[in-house]
Amino acid sequence: MSTKSPLTNPRMANLPAQGVATRFAVLGLLAAALSGCTVGPDFQRPAAPPVDRYTATPTTATTATTATQHGVAQQLVEGLPIEAQWWRTLGSPALDRLIDEAFNHSPTLAAARATLRQAQELQAAQAGATQYPQVDLGVGAQRQRTSPSSQGVSGDAREFSLYSASVGVRYNLDLAGGSRRALEALAARTDYRRFELDAAQLTLAATIANAAINRARLAAQIDATENIVQLEDAQVTVSRQRLRLGQVSPDELASLESQVEQTRAGLPALRKQLEQTEHLLATLAGRAPAAGDVPPFTLAAFALPERLPVIVPSELVRRRPDIQAAEALMHAANADYGVAVARLYPQLNLSASLGSQALTTGALFGGASAVWGLVGQLTQPLFNPALPAEKRAALAAFDAVAANYQGVVLNALRNVADTLRAIEHDAQALHSQAAAEAAAQAALQAIGHRYRLGAASYLQLIVAQQQAQQTRLGLASAQAQRLSDSIALYQAMGGAGQ
């Protein structure tokens, strides 16, 4: 239900311009006095998680070193600053160039940037509509014909022109602060889009780095597998010769032939994965797979970061973009609740117009043709069951995003805990793989020495070479995993942050 309260008579009046200006000034002061309150609770940032570590038992830095590539010790340093371009700690200029290219040409980042600009413009539009009055200029002309007979009077019909010019001003006093809460919600959603862009950049860099390392691992495994196939072919050739001499049975030869074909069958799958990884790297960089060669990443081209940053949980929630985005949604939901509450309170709208009407354009701006109007409209809901329901719905929406925020925080803590344990256990796995590779190489050297002395057969040498190549497969996976763990920790820490 609404009540209109005209502050002055909006009909034709010869009010001096100075008087209208005075009334406009009074209107502005009244707006400032009445629009100072904002209903609904102010947003409070969620408290930091009440924990000071990520795992049930303290994590320790990897202190054991391994005499192999990427087997150096890594130290977890609390409070170590994270470089803005943290992927450069991997020591690969080719990776740096590919990530730079992706940041400039990735469609995913382009879409995120456009979405952020959209949110910023929507916020600017709401700010303009909320903080400032709306002013319109109107100019009109009309031709009219009147007939005296329509009013019961004799005489000839009369035709005349009517010209008008006016300036109108409208302003919502926002007594309860609903418009300001709506602007606050849009600002929070703009922050949400900004954090989403940060998260997209962090994810893109980590995905490219992991794909490059995966490509290097596959290349090493393909090389080792090809060597194994060659050695198994040589073993089959020797066994065929021994079969003619009666030194092996046909079953043994068939078993060796089956083994070499099984090993050879694994090569197409590895090559397929390598090519798919190269296609992924190309598309992540914003180009078609056929538009250029992907750098031939190898494990030797990467360096393992020896010092890794670790930040405490209370700081983590202030820097990870996914947590910041969830917090921004909480802020927006809190402001939406304020908007719903404000609808229960009175709404006061003021409008004013100043213009002139005349029968000729020459008399349009004369003092006698001036017209003005000033209207105030106060609206107070008396019975509207929808408004309390909208308030309860807004509160439920806030509870939902608050619960989602807690879930995001818990998942972030779990992510860091998993990564810290992976760094520890994968270092141990690499140590074991390196020991196995060193033992296989030592055995190969011993067999090679005995073969040159005539104390070992060529077949024994081939078998030892096969075992050495087999250990390369596991070693390549362990080396790549340690590099991926370092990337995962940078990503879990939120990258360089804000």
# chains A, B, ... in the order shown; residues from 1 in each chain; ligands from 1

$ residues_around --residues "stretch 432-441 of chain A" --least-positions-apart "3" --cutoff "10 Å" --atoms "only C-alpha atoms" --output "PyMOL selection string"
chain A and resi 66-69+71+426-429+444-447+464-479

$ select_by_dssp --residues "stretch 355-406 of chain A" --states "helix (DSSP H, G or I)" --output "list in words"
Gly367, Ala368, Ser369, Ala386, Leu387, Pro388, Ala389, Glu390, Lys391, Arg392, Ala393, Ala394, Leu395, Ala396, Ala397, Phe398, Asp399, Ala400, Val401, Ala402, Ala403, Asn404, Tyr405 and Gln406 of chain A

$ residues_around --residues "A:Val135" --least-positions-apart "5" --cutoff "12 Å" --atoms "only C-alpha atoms" --output "number ranges by chain"
A: 128-129, 166-171, 351-354

$ residues_around --residues "A:Ser369" --least-positions-apart "4" --cutoff "8 Å" --atoms "only C-alpha atoms" --output "short mmCIF file (atom, residue, chain, number, x, y, z; two decimals) with C-alpha atoms, in the first residue's frame"
data_model
loop_
_atom_site.label_atom_id
_atom_site.label_comp_id
_atom_site.auth_asym_id
_atom_site.auth_seq_id
_atom_site.Cartn_x
_atom_site.Cartn_y
_atom_site.Cartn_z
CA ASN A 14 5.23 30.86 -12.22
CA SER A 356 8.18 25.34 -19.88
CA GLN A 357 5.24 25.11 -22.25
CA ALA A 358 4.34 27.64 -24.93
CA ALA A 363 7.92 32.10 -26.02
CA LEU A 364 9.17 28.70 -24.82
CA PHE A 365 11.81 30.14 -22.51
#

$ closest_residue --among "A:Asn214, A:Gln118, A:Asn227, A:Ser239" --to "A:Gln273" --atoms "only C-alpha atoms"
A:Asn214

$ residues_around --residues "stretch 215-221 of chain A" --least-positions-apart "4" --cutoff "8 Å" --atoms "only C-alpha atoms" --output "PDB file with N, CA and C atoms, in the first residue's frame"
ATOM      1  N   ALA A 211      51.511 -31.540 -17.312  1.00  0.00           N
ATOM      2  CA  ALA A 211      51.483 -32.173 -18.630  1.00  0.00           C
ATOM      3  C   ALA A 211      52.883 -32.243 -19.236  1.00  0.00           C
ATOM      4  N   THR A 225      61.366 -48.787 -23.014  1.00  0.00           N
ATOM      5  CA  THR A 225      60.604 -49.916 -23.548  1.00  0.00           C
ATOM      6  C   THR A 225      61.142 -50.343 -24.909  1.00  0.00           C
ATOM      7  N   LEU A 270      51.827 -46.226 -24.964  1.00  0.00           N
ATOM      8  CA  LEU A 270      52.679 -45.147 -24.469  1.00  0.00           C
ATOM      9  C   LEU A 270      52.781 -44.017 -25.492  1.00  0.00           C
ATOM     10  N   ARG A 271      52.919 -44.376 -26.767  1.00  0.00           N
ATOM     11  CA  ARG A 271      52.995 -43.335 -27.808  1.00  0.00           C
ATOM     12  C   ARG A 271      51.680 -42.566 -27.909  1.00  0.00           C
ATOM     13  N   GLN A 273      49.579 -41.985 -25.442  1.00  0.00           N
ATOM     14  CA  GLN A 273      49.532 -41.065 -24.314  1.00  0.00           C
ATOM     15  C   GLN A 273      50.446 -39.865 -24.539  1.00  0.00           C
ATOM     16  N   LEU A 274      51.634 -40.106 -25.114  1.00  0.00           N
ATOM     17  CA  LEU A 274      52.549 -38.994 -25.355  1.00  0.00           C
ATOM     18  C   LEU A 274      51.953 -38.007 -26.357  1.00  0.00           C
ATOM     19  N   THR A 277      49.175 -36.067 -24.804  1.00  0.00           N
ATOM     20  CA  THR A 277      49.722 -35.056 -23.898  1.00  0.00           C
ATOM     21  C   THR A 277      50.227 -33.852 -24.669  1.00  0.00           C
ATOM     22  N   GLU A 278      50.870 -34.085 -25.813  1.00  0.00           N
ATOM     23  CA  GLU A 278      51.320 -32.968 -26.646  1.00  0.00           C
ATOM     24  C   GLU A 278      50.139 -32.176 -27.192  1.00  0.00           C
ATOM     25  N   PRO A 296      60.003 -30.638 -26.843  1.00  0.00           N
ATOM     26  CA  PRO A 296      60.245 -32.043 -26.478  1.00  0.00           C
ATOM     27  C   PRO A 296      60.770 -32.150 -25.046  1.00  0.00           C
ATOM     28  N   PHE A 297      59.873 -31.991 -24.095  1.00  0.00           N
ATOM     29  CA  PHE A 297      60.278 -31.996 -22.693  1.00  0.00           C
ATOM     30  C   PHE A 297      60.903 -33.338 -22.316  1.00  0.00           C
ATOM     31  N   THR A 298      61.992 -33.275 -21.562  1.00  0.00           N
ATOM     32  CA  THR A 298      62.640 -34.464 -21.010  1.00  0.00           C
ATOM     33  C   THR A 298      62.847 -34.255 -19.522  1.00  0.00           C
ATOM     34  N   LEU A 299      62.988 -35.338 -18.790  1.00  0.00           N
ATOM     35  CA  LEU A 299      63.180 -35.232 -17.343  1.00  0.00           C
ATOM     36  C   LEU A 299      64.467 -34.492 -17.011  1.00  0.00           C
ATOM     37  N   ARG A 472      64.636 -48.561 -15.279  1.00  0.00           N
ATOM     38  CA  ARG A 472      64.473 -47.198 -15.799  1.00  0.00           C
ATOM     39  C   ARG A 472      63.004 -46.797 -15.853  1.00  0.00           C
ATOM     40  N   LEU A 473      62.131 -47.752 -16.117  1.00  0.00           N
ATOM     41  CA  LEU A 473      60.696 -47.442 -16.179  1.00  0.00           C
ATOM     42  C   LEU A 473      60.199 -46.931 -14.833  1.00  0.00           C
ATOM     43  N   ALA A 476      61.851 -43.488 -13.878  1.00  0.00           N
ATOM     44  CA  ALA A 476      61.278 -42.334 -14.576  1.00  0.00           C
ATOM     45  C   ALA A 476      59.958 -41.909 -13.932  1.00  0.00           C
ATOM     46  N   SER A 477      59.129 -42.872 -13.558  1.00  0.00           N
ATOM     47  CA  SER A 477      57.856 -42.539 -12.894  1.00  0.00           C
ATOM     48  C   SER A 477      58.101 -41.869 -11.551  1.00  0.00           C
ATOM     49  N   ALA A 480      59.395 -38.255 -12.107  1.00  0.00           N
ATOM     50  CA  ALA A 480      58.298 -37.373 -12.531  1.00  0.00           C
ATOM     51  C   ALA A 480      57.343 -37.090 -11.380  1.00  0.00           C
TER      52      ALA A 480
END

$ decode --residues "stretch 168-196 of chain A" --atoms "N, CA and C atoms" --output "mmCIF file, in the first residue's frame"
data_model
loop_
_atom_site.group_PDB
_atom_site.id
_atom_site.type_symbol
_atom_site.label_atom_id
_atom_site.label_comp_id
_atom_site.auth_asym_id
_atom_site.auth_seq_id
_atom_site.Cartn_x
_atom_site.Cartn_y
_atom_site.Cartn_z
ATOM 1 N N GLY A 168 13.849 16.602 -15.734
ATOM 2 C CA GLY A 168 13.275 15.849 -14.623
ATOM 3 C C GLY A 168 14.365 15.172 -13.812
ATOM 4 N N VAL A 169 14.169 15.116 -12.514
ATOM 5 C CA VAL A 169 15.109 14.496 -11.583
ATOM 6 C C VAL A 169 14.354 13.484 -10.734
ATOM 7 N N ARG A 170 14.938 12.258 -10.638
ATOM 8 C CA ARG A 170 14.339 11.216 -9.795
ATOM 9 C C ARG A 170 15.408 10.657 -8.874
ATOM 10 N N TYR A 171 15.012 10.366 -7.642
ATOM 11 C CA TYR A 171 15.983 9.842 -6.682
ATOM 12 C C TYR A 171 15.263 8.997 -5.641
ATOM 13 N N ASN A 172 15.849 7.817 -5.382
ATOM 14 C CA ASN A 172 15.342 6.945 -4.322
ATOM 15 C C ASN A 172 16.168 7.201 -3.078
ATOM 16 N N LEU A 173 15.510 7.628 -2.017
ATOM 17 C CA LEU A 173 16.235 7.980 -0.797
ATOM 18 C C LEU A 173 16.852 6.764 -0.103
ATOM 19 N N ASP A 174 16.418 5.568 -0.446
ATOM 20 C CA ASP A 174 17.016 4.349 0.119
ATOM 21 C C ASP A 174 17.063 4.423 1.645
ATOM 22 N N LEU A 175 15.891 4.620 2.238
ATOM 23 C CA LEU A 175 15.818 4.801 3.691
ATOM 24 C C LEU A 175 16.397 3.616 4.452
ATOM 25 N N ALA A 176 16.093 2.397 4.008
ATOM 26 C CA ALA A 176 16.540 1.203 4.738
ATOM 27 C C ALA A 176 17.868 0.665 4.222
ATOM 28 N N GLY A 177 18.400 1.255 3.181
ATOM 29 C CA GLY A 177 19.696 0.806 2.675
ATOM 30 C C GLY A 177 19.628 -0.390 1.759
ATOM 31 N N GLY A 178 18.463 -0.711 1.203
ATOM 32 C CA GLY A 178 18.359 -1.865 0.320
ATOM 33 C C GLY A 178 19.200 -1.720 -0.935
ATOM 34 N N SER A 179 19.215 -0.514 -1.513
ATOM 35 C CA SER A 179 20.022 -0.301 -2.724
ATOM 36 C C SER A 179 21.506 -0.417 -2.415
ATOM 37 N N ARG A 180 21.910 0.077 -1.256
ATOM 38 C CA ARG A 180 23.322 -0.032 -0.891
ATOM 39 C C ARG A 180 23.717 -1.483 -0.647
ATOM 40 N N ARG A 181 22.790 -2.266 -0.073
ATOM 41 C CA ARG A 181 23.079 -3.689 0.103
ATOM 42 C C ARG A 181 23.172 -4.398 -1.266
ATOM 43 N N ALA A 182 22.324 -3.995 -2.204
ATOM 44 C CA ALA A 182 22.399 -4.586 -3.538
ATOM 45 C C ALA A 182 23.728 -4.261 -4.200
ATOM 46 N N LEU A 183 24.211 -3.022 -4.014
ATOM 47 C CA LEU A 183 25.517 -2.647 -4.551
ATOM 48 C C LEU A 183 26.625 -3.439 -3.860
ATOM 49 N N GLU A 184 26.490 -3.653 -2.571
ATOM 50 C CA GLU A 184 27.472 -4.453 -1.833
ATOM 51 C C GLU A 184 27.516 -5.887 -2.355
ATOM 52 N N ALA A 185 26.348 -6.449 -2.672
ATOM 53 C CA ALA A 185 26.296 -7.809 -3.215
ATOM 54 C C ALA A 185 26.994 -7.885 -4.565
ATOM 55 N N LEU A 186 26.776 -6.872 -5.422
ATOM 56 C CA LEU A 186 27.446 -6.870 -6.724
ATOM 57 C C LEU A 186 28.951 -6.724 -6.576
ATOM 58 N N ALA A 187 29.394 -5.918 -5.614
ATOM 59 C CA ALA A 187 30.838 -5.786 -5.374
ATOM 60 C C ALA A 187 31.440 -7.113 -4.932
ATOM 61 N N ALA A 188 30.707 -7.845 -4.080
ATOM 62 C CA ALA A 188 31.205 -9.148 -3.641
ATOM 63 C C ALA A 188 31.252 -10.136 -4.797
ATOM 64 N N ARG A 189 30.279 -10.089 -5.680
ATOM 65 C CA ARG A 189 30.295 -10.985 -6.836
ATOM 66 C C ARG A 189 31.398 -10.605 -7.824
ATOM 67 N N THR A 190 31.748 -9.335 -7.879
ATOM 68 C CA THR A 190 32.901 -8.936 -8.682
ATOM 69 C C THR A 190 34.180 -9.531 -8.100
ATOM 70 N N ASP A 191 34.296 -9.491 -6.775
ATOM 71 C CA ASP A 191 35.439 -10.140 -6.119
ATOM 72 C C ASP A 191 35.460 -11.632 -6.423
ATOM 73 N N TYR A 192 34.295 -12.248 -6.419
ATOM 74 C CA TYR A 192 34.211 -13.677 -6.722
ATOM 75 C C TYR A 192 34.757 -13.969 -8.121
ATOM 76 N N ARG A 193 34.389 -13.171 -9.093
ATOM 77 C CA ARG A 193 34.893 -13.364 -10.454
ATOM 78 C C ARG A 193 36.394 -13.123 -10.517
ATOM 79 N N ARG A 194 36.892 -12.184 -9.733
ATOM 80 C CA ARG A 194 38.331 -11.920 -9.726
ATOM 81 C C ARG A 194 39.091 -13.111 -9.148
ATOM 82 N N PHE A 195 38.567 -13.701 -8.087
ATOM 83 C CA PHE A 195 39.220 -14.868 -7.493
ATOM 84 C C PHE A 195 39.106 -16.081 -8.415
ATOM 85 N N GLU A 196 37.998 -16.162 -9.146
ATOM 86 C CA GLU A 196 37.883 -17.242 -10.121
ATOM 87 C C GLU A 196 38.941 -17.110 -11.210
#
